Amino acid sequence: MAANPDAVQALLEEEAEDLYEHAPCAYLSTLPDGTIARVNQTFVDWTGRSREALLGGTRFQSLLSIGSRIYYETHYAPLLRMQGFANEIALEVTLADGRILPVNANTRQRRGPDGTPLFNRITLFDSTDRRRYEREILLARRKAEENAKDKDAMLAMLSHDIRNPLQALMTIVQLLDRSDLSDQQRTFVRLLKSSSATMLNLLNRVLELSKAESGSTVS
């Protein structure tokens, strides 16, 4: 039995509407001044406001945090007027309960034949996880930078505060070795000379390995 074309068309329209209303991202359409003309259920659920309230003359920018509202007026709206679209715009939507929802906005402006703006189509993506990930990356980078600074400080300490006095000690030991000493004293000096040389060689190897790993310029 052949499918009824009208029934198929009705089903397709119903599925398309359901996809629009319950998409994982929020859709809304606004007039050029930001007045909301249409929203999907996802945006209604996110904001915690009724569809009637959102469509009752509410402007999209009035739902933004203070910082995002300023950015909307000074950058976002002018960018739309200039080029007709704006991608990956980070904004913050203030929810009905006062919480802040970070979003990424992609916007296309529909214009008439004479170029007059008619309305804006806005797609919002919840960027909560993305913001959290970016913060974690930033903290990890700062920690790595701090660790690198601590390592450089340690290398500098080993190089100047330990190696230099050790080299001075070895010079004194060499001078003692040339002086008149008893057999027992000379044995002690030679042990000291050998031990200090071994220590200096080990210290130099540690410094070389550490500088090679970190790219440090400490010498």
# chains A, B, ... in the order shown; residues from 1 in each chain; ligands from 1
$ select_by_dssp --residues "region 30-208 of chain A" --states "strand (DSSP E or B)" --output "count of residues only"
40
$ residues_around --residues "region 56-73 of chain A" --least-positions-apart "3" --cutoff "8 Å" --atoms "only C-alpha atoms" --output "list of chain:residue names"
A:Thr30, A:Asp33, A:Gly34, A:Thr35, A:Ile36, A:Glu52, A:Ala53, A:Tyr76, A:Ala77, A:Pro78, A:Leu91, A:Glu92, A:Val93, A:Thr94, A:Leu95, A:Ile100
$ residues_around --residues "region 101-106 of chain A" --least-positions-apart "2" --cutoff "6 Å" --atoms "only C-alpha atoms" --output "PyMOL selection string"
chain A and resi 86-93+122-128
$ select_by_dssp --residues "region 54-214 of chain A" --states "helix (DSSP H, G or I)" --output "PyMOL selection string"
chain A and resi 54+60-63+66-83+128-177+183-214
$ atom_distance --atom1 "CA of Thr187 (chain A)" --atom2 "CA of Gln174 (chain A)"
12.8 Å
$ atom_distance --atom1 "CA of Lys193 (chain A)" --atom2 "CA of Leu169 (chain A)"
9.0 Å
$ residues_around --residues "Asp177 (chain A)" --least-positions-apart "5" --cutoff "9 Å" --atoms "only C-alpha atoms" --output "count of residues only"
5
$ residues_around --residues "region 81-84 of chain A" --least-positions-apart "4" --cutoff "10 Å" --atoms "only C-alpha atoms" --output "list in words"
Pro32, Tyr76, Ala77, Thr107, Arg108, Gln109, Arg110, Arg111, Gly115, Thr116, Pro117 and Asn120 of chain A
$ write_last_selection --atoms "all heavy atoms" --output "mmCIF file, in the first residue's frame"
data_model
loop_
_atom_site.group_PDB
_atom_site.id
_atom_site.type_symbol
_atom_site.label_atom_id
_atom_site.label_comp_id
_atom_site.auth_asym_id
_atom_site.auth_seq_id
_atom_site.Cartn_x
_atom_site.Cartn_y
_atom_site.Cartn_z
ATOM 1 N N PRO A 32 16.095 42.973 14.597
ATOM 2 C CA PRO A 32 17.408 43.630 14.594
ATOM 3 C C PRO A 32 17.768 44.317 15.912
ATOM 4 O O PRO A 32 18.945 44.438 16.258
ATOM 5 C CB PRO A 32 17.287 44.636 13.452
ATOM 6 C CG PRO A 32 16.321 44.003 12.507
ATOM 7 C CD PRO A 32 15.314 43.325 13.393
ATOM 8 N N TYR A 76 29.340 42.838 19.352
ATOM 9 C CA TYR A 76 28.494 41.824 18.720
ATOM 10 C C TYR A 76 27.498 42.448 17.728
ATOM 11 O O TYR A 76 27.460 42.076 16.553
ATOM 12 C CB TYR A 76 27.770 41.062 19.822
ATOM 13 C CG TYR A 76 26.831 39.970 19.378
ATOM 14 C CD1 TYR A 76 27.316 38.716 19.047
ATOM 15 C CD2 TYR A 76 25.456 40.185 19.331
ATOM 16 C CE1 TYR A 76 26.452 37.703 18.666
ATOM 17 C CE2 TYR A 76 24.586 39.179 18.954
ATOM 18 C CZ TYR A 76 25.096 37.943 18.628
ATOM 19 O OH TYR A 76 24.253 36.942 18.247
ATOM 20 N N ALA A 77 26.703 43.403 18.176
ATOM 21 C CA ALA A 77 25.706 44.032 17.306
ATOM 22 C C ALA A 77 26.353 44.779 16.137
ATOM 23 O O ALA A 77 25.912 44.635 14.990
ATOM 24 C CB ALA A 77 24.808 44.961 18.125
ATOM 25 N N THR A 107 25.601 33.427 14.901
ATOM 26 C CA THR A 107 24.458 34.228 14.465
ATOM 27 C C THR A 107 24.531 34.529 12.972
ATOM 28 O O THR A 107 25.612 34.832 12.450
ATOM 29 C CB THR A 107 24.393 35.560 15.241
ATOM 30 O OG1 THR A 107 24.419 35.288 16.642
ATOM 31 C CG2 THR A 107 23.132 36.331 14.906
ATOM 32 N N ARG A 108 23.369 34.435 12.319
ATOM 33 C CA ARG A 108 23.229 34.851 10.931
ATOM 34 C C ARG A 108 22.117 35.884 10.850
ATOM 35 O O ARG A 108 21.049 35.704 11.435
ATOM 36 C CB ARG A 108 22.882 33.658 10.024
ATOM 37 C CG ARG A 108 23.981 32.647 9.863
ATOM 38 C CD ARG A 108 25.159 33.232 9.082
ATOM 39 N NE ARG A 108 26.229 32.247 8.875
ATOM 40 C CZ ARG A 108 27.192 32.007 9.752
ATOM 41 N NH1 ARG A 108 27.205 32.667 10.897
ATOM 42 N NH2 ARG A 108 28.135 31.121 9.490
ATOM 43 N N GLN A 109 22.372 36.950 10.112
ATOM 44 C CA GLN A 109 21.363 37.993 9.961
ATOM 45 C C GLN A 109 20.684 37.865 8.599
ATOM 46 O O GLN A 109 21.359 37.817 7.563
ATOM 47 C CB GLN A 109 22.010 39.381 10.095
ATOM 48 C CG GLN A 109 21.005 40.518 10.139
ATOM 49 C CD GLN A 109 21.687 41.848 10.443
ATOM 50 O OE1 GLN A 109 22.288 42.447 9.554
ATOM 51 N NE2 GLN A 109 21.593 42.302 11.692
ATOM 52 N N ARG A 110 19.361 37.812 8.620
ATOM 53 C CA ARG A 110 18.585 37.756 7.378
ATOM 54 C C ARG A 110 18.263 39.183 6.950
ATOM 55 O O ARG A 110 17.761 39.979 7.747
ATOM 56 C CB ARG A 110 17.304 36.951 7.610
ATOM 57 C CG ARG A 110 16.479 36.698 6.351
ATOM 58 C CD ARG A 110 17.161 35.687 5.457
ATOM 59 N NE ARG A 110 16.317 35.375 4.315
ATOM 60 C CZ ARG A 110 15.397 34.408 4.307
ATOM 61 N NH1 ARG A 110 15.223 33.664 5.402
ATOM 62 N NH2 ARG A 110 14.683 34.161 3.236
ATOM 63 N N ARG A 111 18.537 39.488 5.673
ATOM 64 C CA ARG A 111 18.324 40.838 5.172
ATOM 65 C C ARG A 111 17.377 40.826 3.984
ATOM 66 O O ARG A 111 17.265 39.840 3.255
ATOM 67 C CB ARG A 111 19.651 41.481 4.770
ATOM 68 C CG ARG A 111 20.621 41.640 5.950
ATOM 69 C CD ARG A 111 21.915 42.268 5.534
ATOM 70 N NE ARG A 111 22.813 42.449 6.688
ATOM 71 C CZ ARG A 111 24.015 42.993 6.627
ATOM 72 N NH1 ARG A 111 24.492 43.407 5.453
ATOM 73 N NH2 ARG A 111 24.751 43.132 7.712
ATOM 74 N N GLY A 115 18.970 45.164 1.459
ATOM 75 C CA GLY A 115 20.019 45.079 2.467
ATOM 76 C C GLY A 115 19.580 45.436 3.869
ATOM 77 O O GLY A 115 20.383 45.413 4.804
ATOM 78 N N THR A 116 18.293 45.758 4.046
ATOM 79 C CA THR A 116 17.794 46.114 5.374
ATOM 80 C C THR A 116 17.719 44.867 6.267
ATOM 81 O O THR A 116 17.143 43.843 5.856
ATOM 82 C CB THR A 116 16.394 46.735 5.280
ATOM 83 O OG1 THR A 116 16.452 47.891 4.446
ATOM 84 C CG2 THR A 116 15.879 47.127 6.661
ATOM 85 N N PRO A 117 18.270 44.898 7.471
ATOM 86 C CA PRO A 117 18.186 43.738 8.371
ATOM 87 C C PRO A 117 16.740 43.422 8.720
ATOM 88 O O PRO A 117 15.960 44.317 9.062
ATOM 89 C CB PRO A 117 18.964 44.196 9.614
ATOM 90 C CG PRO A 117 19.868 45.275 9.121
ATOM 91 C CD PRO A 117 19.093 45.984 8.048
ATOM 92 N N ASN A 120 17.540 38.188 13.138
ATOM 93 C CA ASN A 120 18.765 37.430 13.421
ATOM 94 C C ASN A 120 18.401 36.021 13.861
ATOM 95 O O ASN A 120 17.493 35.830 14.680
ATOM 96 C CB ASN A 120 19.578 38.098 14.535
ATOM 97 C CG ASN A 120 19.986 39.511 14.187
ATOM 98 O OD1 ASN A 120 20.306 39.821 13.046
ATOM 99 N ND2 ASN A 120 19.966 40.396 15.180
#
